[in-house]
Every structure is written in C-alpha cells, then in structure tokens.
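Colleague: Dumping the structure here so I can ask a few things about it.
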Amino acid sequence: MDFSLRTLATLCSTMMMLIASPAWSGPDYASSSDLIEPNGFPGVCSQPCYVAGVETEVWLPSNPDNPLPSPGNNTYIYKVTHTGGSGPFIPALLNFELAVDLTEVVAAGHVASSGGVAPSSVDTLNGVVTWTFDPVSIANGESSKLLYIHSPLLPGAINNNAASVAGQAGLDAPGSCLGPLDPPGPQCSLAIEKEGCVVQQADVPGDSCEGKVTGFTFQYTGLGCDASSHLQNPRKVRCIGGANGEDPVDIIVSSKKRKRWSWSSGWWGKKRHRKTIFAAETGVHVGDSIVVDAATAGRKKIGSKTYVTISNSSGGHQVIELDKFHTSCSQPFGPGMSFGSVQLTSVTSTQGGTVSLPDPEEDECSTSIDLAPPPHCQGKVKSLELRYTGGDCAQSVNTQSATKTGCVDVAAPSAGLVRVILSDGANPPPYSNVYLDQTGVAGGDILTVDASVIPHCYSSGTMKSVTGYWIKDAVTGDVIQDGYFHTSCSQPLNLGDQFGALQVFGLDSTNGGSVALGSDVEYSYVVTNPNAATAEGVSVDDDILGNIASGVTIAAGGTATFTTTALIEAETTNVATVTGQVGGQVCSPGSDSATITLTEPPEEPQICTKKIAAMLLRYTGPDVLGATVKLVAKSFDDDYVIYSGIDLTNGTVLSLPEENGFTIDGTVHGESSLGSKTTIYINGVGQKIHTSCSTPFATNAPAPLDNPLGAPSAEWFVVDFTEKMKKKDHHHHHHHH
C-alpha cells in the first residue's frame with residue numbers, strides 16, 4: 001500500500017478530459033489530481049498523513065455557460081478537498097499554491113457565494129499564486145470555496161503546473177494539476193458530420209396492370225438490352241441491339257404492324273392497315289421521359305404488343321435498339337420494370353388506375369435495418385447468398401429433415417483459402433450442373449448462387465430442389481468437405497441456417513422476396529475546415545471501420561466528403577474522428593457518431609380459436625392510485641383473484657406468480673377456461689370482458705367487452721393469453737408468443 005501511494009505522490013494522478021465539440025453544457029476542459037503527503041511523521045501519522053484532492057475546470061471566454069466570465073480570458077476554477085489521512089493526527093490544510101506565469105494572470109481570488117472554507121488571503125509572488133487558509137484551515141472532509149484565476153493562457157498538457165498544499169506540522173504535499181500554460185495563438189479546430197444510411201433493396205417491380213392499358217410513361221436510360229428487368233414471360237419480350245448510352249436519340253412507340261396488303265388487291269392495292277404511332281420524339285436525352293397515351297392516337301387502349309424503336313438522332317436515323325413487350329395486362333406490366341433502355345415510371349390501366357414509381361428525391365436516409373420474420377423461403381429460390389464460415393459438419397444447425405441434407409468431413413477444416421463448388425444436385429459435376437466454382441475463398445466471404453446462370457434450368461430461373469457443395473483446399477485441390485441441402489422451400493430454409501461450413505446469409509425467393517442477415521450501410525463523413533487558413537494532413541478515422549482518409553488538404557472554409565460502405569448485421573454505433581493541422585499547429589479534433597439499429601418485425605397478433613384459459617392484461621384507463629382490482633371468472637365465480645393497493649396507471653400490467661404470471665389463469669383454479677365472461681372490478685365498479693372466443697380475442701388489441709359484444713375495452717388491453725386445452729395437454733401449459 002505504501003509503495004503505490006508513494007508512486008502516486010510523484011505521478012500525481014491527473015486526468016484531463018478535452019471536450020472537442022463546442023456543444024456546451026459544461027467546462028471546456030476538466031481534470032482532477034491528488035496531492036499526497038509523501039513522508040509521514042514518526043509517532044504522529046504514517047505516510048500519507050493526508051491527501052488533498054484538487055478538481056479543476058477551465059471555461060473558455062466563448063463558452064456561454066462560463067460561470068465567471070472575463071473578456072478575452074479563460075476562467076480556471078479550483079476546488080481543494082481534504083480527503084483524509086492515516087494516523088492519530090491528521091493535519092489540516094493551510095494553503096494551496098499553483099505555479100504560473102504571473103505576467104499572464106489578470107486576476108485571482110475566490111467565489112464568495114460558493115460553499116466551503118474561504119481563504120484569508122490570495123497572494124501572487126515568486127511565480128506562484130497562493131491561497132492561504134489561516135486561522136481557519138481546511139479540516140479532514142472539508143473543501144475550500146471555489147478558487148479562480150483569470151488568464152489568457154490556455155491549459156497545457158497533463159501535469160504541467162506544479163502545485164502544492166501546506167499542511168500543519170510542516171507536512172507539505174507537492175504534485176501538479178491543470179493550469180494556465182500555453183500561449184493562446186490562433187486556435188484551430190476541425191468539424192465532422194457522420195451519417196450512416198442503410199442501402200435499401202430496390203423494390204421488386206410489381207404488376208399494377210388491371211383491365212386494359214390506356215397509357216404509360218417511361219424514361220430513356222440508354223442502358224441497352226442487358227438492363228432488362230421485368231416479370232414478363234421471356235418469350236413475349238424482345239430486345240435487339242442496344243442503345244449503349246447513345247445521346248440524343250429519336251424514339252417511336254407503335255403498335256404491331258397489321259396486314260399492309262392482300263392477295264385480292266395485289267401488292268399495289270391500298271395499304272389497309274398501318275401500325276399505330278402512340279409517340280414519336282426526336283432529340284431525346286438519357287433521363288428524359290416519354291408519355292405514351294392511347295388517346296393521342298385516337299384509340300381507347302394500347303394493343304397487346306408495343307414496339308419501341310430507338311434510332312440515333314445524327315443523320316442516317318440508324319435504328320440502334322428495338323424493344324418489344326406485352327401491354328395487355330395478361331403479362332405483368334408495372335412501374336420499375338425495364339425493357340432494354342425503356343424503364344417504366346407509370347402505368348395507367350382501365351381497372352388499375354395510374355400507378356407510378358415513387359420520386360427518387362424522396363429516398364430518405366434510413367438508419368434502421370428491417371429484419372424479416374421467418375419463414376424466409378417461400379415459393380421457389382431464385383438466388384442464395386452463402387457465407388463460408390470454415391467449420392466442420394458438426395457446425396450444422398438447421399431444421400431440414402435429416403434425409404434432405406448430408407455433410408461429410410473428408411479432411412480437417414483448413415485455416416487457409418478454399419475453393420467452393422456449388423451445383424444443382426447432390427452428385428458432383430459432371431453429374432450435376434455447376435452454379436458457382438470460386439477459388440481463393442476465405443472465412444467470412446459471401447458467395448452468391450444465382451439460378452439463372454444455368455440456362456437449361458427451367459425457364460422460371462429458380463434453383464433445383466437439391467444443392468450440392470464441395471469445399472476443396474485452394475492449393476492442393478483436396479476435398480475438405482462435401483454435402484447437400486434442400487433448396488425448394490418445401491423444407492425450411494431460413495437466414496442463419498448452417499450446412500457444414502456454409503451459412504445462409506441471404507436468399508431471394510419467388511414469394512418471399514429478398515431477405516438477408518444484414519444490410520450494406522453507406523457511411524458519409526463531411527469534414528469542414530472553419531479556419532482562416534488551409535488545413536493539411538487531414539485524417540478521418542472510424543473507430544470500427546479504421547482509416548477512411550488521410551493526408552487530405554482542405555482549403556479555408558472548405559469541406560470534403562468521404563464515403564465507405566460496410567456490411568452491418570447488429571446494432572452498431574461508429575465514432576468518426578477528424579484530425580489535422582493548420583500552419584503547423586495541431587487542431588482540436590472533431591468527432592461525430594452514427595448509429596444503425598435493427599427493427600424487429602412486428603409480432604403477428606394471435607387470435608383466439610377456442611375459449612380463453614388465461615389472460616395477461618395491461619391497464620389503459622385513467623390513473624387510479626391504491627386501487628383494489630377484483631377479477632371474477634364465470635366458470636369459478638366464487639374463487640376470485642384480488643389485487644389490492646395497486647397503483648393503476650396507463651401501462652400497468654397485472655400479473656401474479658400464483659396465476660402462472662397471468663392476470664388470471666383458469667387452470668390454477670381447476671377449470672379449463674375462464675367461462676363466457678370475466679368481470680373486472682376496480683374499487684367495486686365492474687366491466688365485463690368476453691372470454692368465450694365467440695367474438696375475436698387477440699393479442700396486441702383491446703380486450704373485447706361482453707356488452708356491447710366485442711366492443712373494445714377502454715381500460716384493458718390483451719398482452720398474452722392461452723386457450724382451453726384438451727385434458728391430456730394440461731401439463732404442457734404454455735404461453736403463445
């Protein structure tokens with residue numbers, strides 16, 4: 001004990017906290033240090049005879065909360081506390097001295113209105129400010145009043161100003177604390193704003209076409225045939241050529257050509273049927289919109305097939321892309337679908353009205369990742385994301401039937417890189433078709449299996465019912481593990497399921513849409529240099545993602561923006577810090593944080609199918625303090641449940657251990673249900689709740705009244721309930737959640 005205290009005496013434990021951001025609600029700097037009596041006094045007290053604690057606050061003149069402002073000066077406030085000693089005699093404190101450049105001290109004194117022992121005098125001599133406590137000294141457990149210095153000097157580094165306390169019997173305690181030291185100079189600072197936005201999955205374009213199409217609007221994207229993305233049968237659609245960014249272009253939208261001549265009238269006869277032109281635009285730029293309306297061509301509706309001809313505007317009018325798609329609503333047709341360089345932005349149909357894409361400007365920054373509730377695989381699997389975790393077959397965790405999966409460890413798991421092969425069957429290629437063959441795979445890598453890479457894999461582009469996998473050493477080619485699992489959704493396939501060394505990270509199924517264990521988050525860091533000179537060597541660091549930028553120069557008053565994307569799977573708060581220099585002076589760093597949360601799916605309400613056996617209720621009425629609540633169930637009306645002296649406030653949940661954690665539980669009273677109604681009395685005033693399930697009784701909803709039947713109670717809300725069970729089930733009594 002002696003040694004550590006003696007060490008402390010020389011180190012003078014000092015903590016300093018720098019508040020870098022000027023979001024004032026306290027001092028700009030704060031610290032504390034202990035001045036520890038170093039020697040002891042034989043027969044009087046053992047070392048330390050006492051410890052004096054010094055608390056320091058520094059308030060800059062710009063701080064609106066400065067308690068003792070002095071224009072152009074920083075306010076240093078000290079409080080000295082006698083924190084005790086060891087020995088029969090504990091010396092009191094007679095003075096506090098602080099070494100400082102007295103030419104830079106504007107004033108020194110104490111705050112008379114503060115609590116504690118007042119100094120009898122304040123002196124500035126020989127390079128120290130001395131506050132003297134004599135004849136009234138600071139006894140064990142007491143503190144001084146607040147002592148202050150006004151100085152233009154800024155606080156220096158930790159332990160910079162020598163300080164000491166004089167104790168009785170000549171027992172002094174030296175040390176140091178925060179004090180005025182550094183010339184003010186031009187202070188520089190840097191600011192940073194950090195934002196994290198969840199990258200939203202693009203909405204899968206849906207079908208919004210009902211009846212007959214009377215018009216649609218599209219945007220010319222110039223992206224060509226590869227950009228096609230729609231739900232129409234591939235045989236009903238064509239895209240020839242490709243605009244390939246051509247700008248400007250001429251666009252003609254027409255119906256299918258009809259017969260232009262007939263045998264009977266010869267080829268020179270009247271051209272009886274020509275194609276109908278719905279829109280013809282010249283000089284169209286990428287991003288421009290074209291409105292197609294049947295009425296402009298004197299028609300009531302647009303025909304079943306529509307052709308879009310795209311030609312280059314510069315001489316020759318050469319056709320560069322021809323798109324054909326189906327427009328009769330017998331095939332899906334809706335905003336968001338792309339046919340080559342044509343991206344639908346709105347569709348108007350006789351029964352569906354007009355449906356438009358949301359305005360891209362309205363894309364809000366979402367800071368929450370929505371978690372999808374299982375089951376995740378619904379319909380057929382279109383694509384699958386698998387994370388290689390590098391374990392053995394014992395890691396498998398899934399709910400597929402044992403006959404539908406297999407896993408064999410051929411060798412011990414490798415810490416090195418592996419090659420992963422995935423195919424559409426349990427037998428190795430060439431007896432199955434390869435979805436993916438990727439080498440150089442490391443632990444944590446995510447592999448994407450897309451059904452559409454196998455062309456003869458039915459036209460629907462979905463995965464076969466069995467997916468096989470082979471994991472090999474990337475260097476030697478030796479098989480480490482092989483296995484298979486079910487991928488048709490007839491067996492459960494959920495996020496987080498593990499098959500050997502492969503974890504289901506994401507999947508896209510025809511009826512379940514696209515789901516994943518996490519989302520990409522795009523982080524942006526906007527750094528501002530508010531100083532009058534250029535900031536150099538600017539570095540942005542993220543406490544989780546590491547260095548984002550370094551060695552950057554930002555002009556006076558300028559800003560710079562940096563972005564990075566990270567895969568986030570759990571609630572995460574990242575703190576970004578910016579550092580740099582102006583004119584060789586290190587600036588005060590700036591910091592900001594961004595938090596990404598996870599949103600659990602709302603719990604599906606459970607609705608009764610049989611009589612209610614037990615219920616857990618939450619009170620939603622006006623406050624009733626010290627209430628007596630009595631519950632009388634129809635099926636055991638002489639054996640009621642009482643809650644006495646309960647403060648009923650909005651949100652109070654009534655629950656008793658002896659009622660199995662419910663408000664009332666019929667099984668505790670020997671009954672299989674509560675009966676057709678349960679009356680709840682508050683201080684003798686009753687309300688009847690209907691508990692036979694002849695009117696819906698549901699979680700996350702008000703309890704239904706017995707009269708008027710099924711009307712929502714304003715006082716009671718159903719948190720949970722159980723239903724009447726068959727006699728043999730009684731010992732399995734459980735909650736539904």
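Residue numbering restarts at 1 for every chain of the structure tokens, chains are lettered A, B, ... in their displayed order, and ligands are numbered from 1 as they appear.
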Running DSSP on the backbone, which parts of region 100-240 of chain A land in strand (DSSP E or B), as a PyMOL selection string?

Modeller: chain A and resi 107-110+117+121-125+128-132+138+143-144+147-151+154-155+161-167+172-177+180-182+189+191-198+213-220+229+238-240

Colleague: Residues near Ala627 (chain A), anyone? I mean within 10 Å using only C-alpha atoms, not counting same-chain ones fewer than 6 positions away, as a PDB file with N, CA and C atoms, in the first residue's frame.

Modeller:
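Just written: result-v9.pdb:
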```pdb
ATOM      1  N   TYR A 643     -56.259  -8.053  -6.542  1.00  0.00           N
ATOM      2  CA  TYR A 643     -55.029  -7.245  -6.478  1.00  0.00           C
ATOM      3  C   TYR A 643     -55.376  -6.061  -5.584  1.00  0.00           C
ATOM      4  N   SER A 644     -54.696  -5.929  -4.416  1.00  0.00           N
ATOM      5  CA  SER A 644     -55.079  -4.814  -3.544  1.00  0.00           C
ATOM      6  C   SER A 644     -53.944  -3.801  -3.445  1.00  0.00           C
ATOM      7  N   GLY A 645     -54.320  -2.527  -3.296  1.00  0.00           N
ATOM      8  CA  GLY A 645     -53.347  -1.447  -3.149  1.00  0.00           C
ATOM      9  C   GLY A 645     -52.483  -1.268  -4.388  1.00  0.00           C
ATOM     10  N   ILE A 646     -53.091  -1.467  -5.574  1.00  0.00           N
ATOM     11  CA  ILE A 646     -52.339  -1.354  -6.837  1.00  0.00           C
ATOM     12  C   ILE A 646     -52.492   0.070  -7.369  1.00  0.00           C
ATOM     13  N   ASP A 647     -51.357   0.679  -7.791  1.00  0.00           N
ATOM     14  CA  ASP A 647     -51.443   1.970  -8.491  1.00  0.00           C
ATOM     15  C   ASP A 647     -51.677   1.685  -9.964  1.00  0.00           C
ATOM     16  N   LEU A 648     -52.933   1.873 -10.405  1.00  0.00           N
ATOM     17  CA  LEU A 648     -53.243   1.636 -11.817  1.00  0.00           C
ATOM     18  C   LEU A 648     -52.893   2.898 -12.604  1.00  0.00           C
ATOM     19  N   TYR A 681     -63.497  -5.763 -11.564  1.00  0.00           N
ATOM     20  CA  TYR A 681     -63.967  -4.649 -10.733  1.00  0.00           C
ATOM     21  C   TYR A 681     -62.776  -3.788 -10.322  1.00  0.00           C
ATOM     22  N   ILE A 682     -62.877  -2.466 -10.522  1.00  0.00           N
ATOM     23  CA  ILE A 682     -61.891  -1.528  -9.975  1.00  0.00           C
ATOM     24  C   ILE A 682     -62.607  -0.755  -8.874  1.00  0.00           C
ATOM     25  N   ASN A 683     -62.191  -0.969  -7.600  1.00  0.00           N
ATOM     26  CA  ASN A 683     -62.861  -0.340  -6.447  1.00  0.00           C
ATOM     27  C   ASN A 683     -64.379  -0.544  -6.528  1.00  0.00           C
ATOM     28  N   GLY A 684     -64.790  -1.778  -6.889  1.00  0.00           N
ATOM     29  CA  GLY A 684     -66.212  -2.123  -6.870  1.00  0.00           C
ATOM     30  C   GLY A 684     -66.963  -1.822  -8.152  1.00  0.00           C
TER      31      GLY A 684
END
```

Colleague: Could you give me, as a ChimeraX atom specification, the residues within 7 Å of Ala576 (chain A), counting only C-alpha atoms and dropping anything in the same chain fewer than 6 positions from it?

Modeller: /A:194,540-543,591-593

Colleague: Which residues are close to Val117 (chain A), i.e. within 8 Å by only C-alpha atoms, leaving aside same-chain residues fewer than 3 positions away? Reply as a PyMOL selection string.

Modeller: chain A and resi 133+136-138+142-145

Colleague: Take the residues from that selection and put them in a file with C-alpha atoms, as a short mmCIF file (atom, residue, chain, number, x, y, z; two decimals), in the first residue's frame.

Modeller:
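Dumped everything to part-v2.cif:
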```cif
data_model
loop_
_atom_site.label_atom_id
_atom_site.label_comp_id
_atom_site.auth_asym_id
_atom_site.auth_seq_id
_atom_site.Cartn_x
_atom_site.Cartn_y
_atom_site.Cartn_z
CA PHE A 133 -6.35 29.27 4.91
CA VAL A 136 -9.48 28.84 9.58
CA SER A 137 -7.84 25.79 7.94
CA ILE A 138 -9.39 23.01 5.78
CA GLU A 142 -13.85 19.76 4.27
CA SER A 143 -13.39 21.64 0.96
CA SER A 144 -12.30 25.13 0.01
CA LYS A 145 -14.64 27.61 -1.60
#
```

Colleague: Between A:Thr577, A:Asn398, A:Ser713, A:Thr572, single out the one closest to Gln687 (chain A), counting only C-alpha atoms.

Modeller: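 Counting only C-alpha atoms, the residue closest to Gln687 (chain A) is A:Ser713.
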
Colleague: Quick one: of A:Ala295, A:Val355, A:Leu231, A:Cys197, who's nearest to Glu522 (chain A), counting only C-alpha atoms?

Modeller: A:Cys197

Colleague: Quick one: pull the distance between CA of Leu102 (chain A) and CA of Leu178 (chain A), Å, one decimal.

Modeller: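 Computed distance, CA of Leu102 (chain A) to CA of Leu178 (chain A), equals 15.6 Å.
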
Colleague: Quick one: everything within 10 Å of Cys45 (chain A), counting only C-alpha atoms, minus sequence neighbours fewer than 5 positions away in the same chain. Send it as a VMD selection string.

Modeller: chain A and resid 39 to 40 50 85 to 91

Colleague: Please produce a file of the residues just selected, as a PDB file, in the first residue's frame, where the atoms kept are N, CA and C atoms.

Modeller:
```pdb
ATOM      1  N   ASN A  39       5.896  11.863   3.105  1.00  0.00           N
ATOM      2  CA  ASN A  39       6.896  11.354   4.041  1.00  0.00           C
ATOM      3  C   ASN A  39       6.350  10.679   5.287  1.00  0.00           C
ATOM      4  N   GLY A  40       5.248  11.216   5.840  1.00  0.00           N
ATOM      5  CA  GLY A  40       4.797  10.728   7.142  1.00  0.00           C
ATOM      6  C   GLY A  40       5.602  11.411   8.257  1.00  0.00           C
ATOM      7  N   TYR A  50      -1.932  12.878   4.881  1.00  0.00           N
ATOM      8  CA  TYR A  50      -3.215  13.341   4.330  1.00  0.00           C
ATOM      9  C   TYR A  50      -3.122  13.332   2.805  1.00  0.00           C
ATOM     10  N   GLY A  85      -6.600  11.027   5.912  1.00  0.00           N
ATOM     11  CA  GLY A  85      -5.205  10.698   6.166  1.00  0.00           C
ATOM     12  C   GLY A  85      -5.110   9.420   6.954  1.00  0.00           C
ATOM     13  N   SER A  86      -3.886   9.125   7.473  1.00  0.00           N
ATOM     14  CA  SER A  86      -3.720   7.872   8.214  1.00  0.00           C
ATOM     15  C   SER A  86      -2.894   8.156   9.465  1.00  0.00           C
ATOM     16  N   GLY A  87      -3.532   8.046  10.588  1.00  0.00           N
ATOM     17  CA  GLY A  87      -2.785   8.245  11.836  1.00  0.00           C
ATOM     18  C   GLY A  87      -3.647   8.901  12.879  1.00  0.00           C
ATOM     19  N   PRO A  88      -3.157   8.874  14.111  1.00  0.00           N
ATOM     20  CA  PRO A  88      -3.947   9.506  15.185  1.00  0.00           C
ATOM     21  C   PRO A  88      -4.112  11.008  14.934  1.00  0.00           C
ATOM     22  N   PHE A  89      -3.108  11.619  14.267  1.00  0.00           N
ATOM     23  CA  PHE A  89      -3.198  13.054  13.995  1.00  0.00           C
ATOM     24  C   PHE A  89      -3.279  13.251  12.484  1.00  0.00           C
ATOM     25  N   ILE A  90      -4.363  13.926  12.032  1.00  0.00           N
ATOM     26  CA  ILE A  90      -4.494  14.195  10.598  1.00  0.00           C
ATOM     27  C   ILE A  90      -4.360  15.697  10.405  1.00  0.00           C
ATOM     28  N   PRO A  91      -3.234  16.148   9.795  1.00  0.00           N
ATOM     29  CA  PRO A  91      -3.013  17.593   9.665  1.00  0.00           C
ATOM     30  C   PRO A  91      -4.086  18.256   8.808  1.00  0.00           C
TER      31      PRO A  91
END
```

Colleague: What lies within 9 Å of Thr595 (chain A) using only C-alpha atoms, ignoring chain neighbours under 6 positions off, as a PyMOL selection string?

Modeller: chain A and resi 195-196+367-368+571-575

Colleague: Which neighbours of region 68-80 of chain A fall inside 10 Å, counting only C-alpha atoms, when residues of the same chain fewer than 3 positions from it are skipped, and could you give them as a PyMOL selection string?

Modeller: chain A and resi 27-35+52-65+83+93+95-96+104-111+116-117+138+142-155+165+177-180+184

Colleague: Can you tell me how far CA of Gly303 (chain A) sits from CA of Gly241 (chain A), in Å to one decimal?

Modeller: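 Straight-line distance from CA of Gly303 (chain A) to CA of Gly241 (chain A) works out to 23.6 Å.
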
Colleague: For CA of Thr564 (chain A) and CA of Glu536 (chain A), quote the distance in Å rounded to one decimal.

Modeller: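 Taking CA of Thr564 (chain A) and CA of Glu536 (chain A), their separation equals 21.6 Å.
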
Colleague: Each residue of region 547-640 of chain A lying at most 7 Å from region 688-710 of chain A should get a row with its shortest atom-to-atom pair and the distance in Å to one decimal, counting only C-alpha atoms; could you produce that, ordered by chain and increasing number, as JSON lines?

Modeller:
```
{"residue": "A:Pro605", "atom": "CA", "partner": "A:Thr699", "partner_atom": "CA", "distance": 5.2}
{"residue": "A:Gln606", "atom": "CA", "partner": "A:Thr699", "partner_atom": "CA", "distance": 5.4}
{"residue": "A:Ile607", "atom": "CA", "partner": "A:Ala698", "partner_atom": "CA", "distance": 4.3}
{"residue": "A:Cys608", "atom": "CA", "partner": "A:Phe697", "partner_atom": "CA", "distance": 5.4}
{"residue": "A:Thr609", "atom": "CA", "partner": "A:Cys693", "partner_atom": "CA", "distance": 6.6}
{"residue": "A:Lys610", "atom": "CA", "partner": "A:Cys693", "partner_atom": "CA", "distance": 5.8}
{"residue": "A:Lys611", "atom": "CA", "partner": "A:Ser692", "partner_atom": "CA", "distance": 4.4}
{"residue": "A:Ile612", "atom": "CA", "partner": "A:Thr691", "partner_atom": "CA", "distance": 5.5}
```
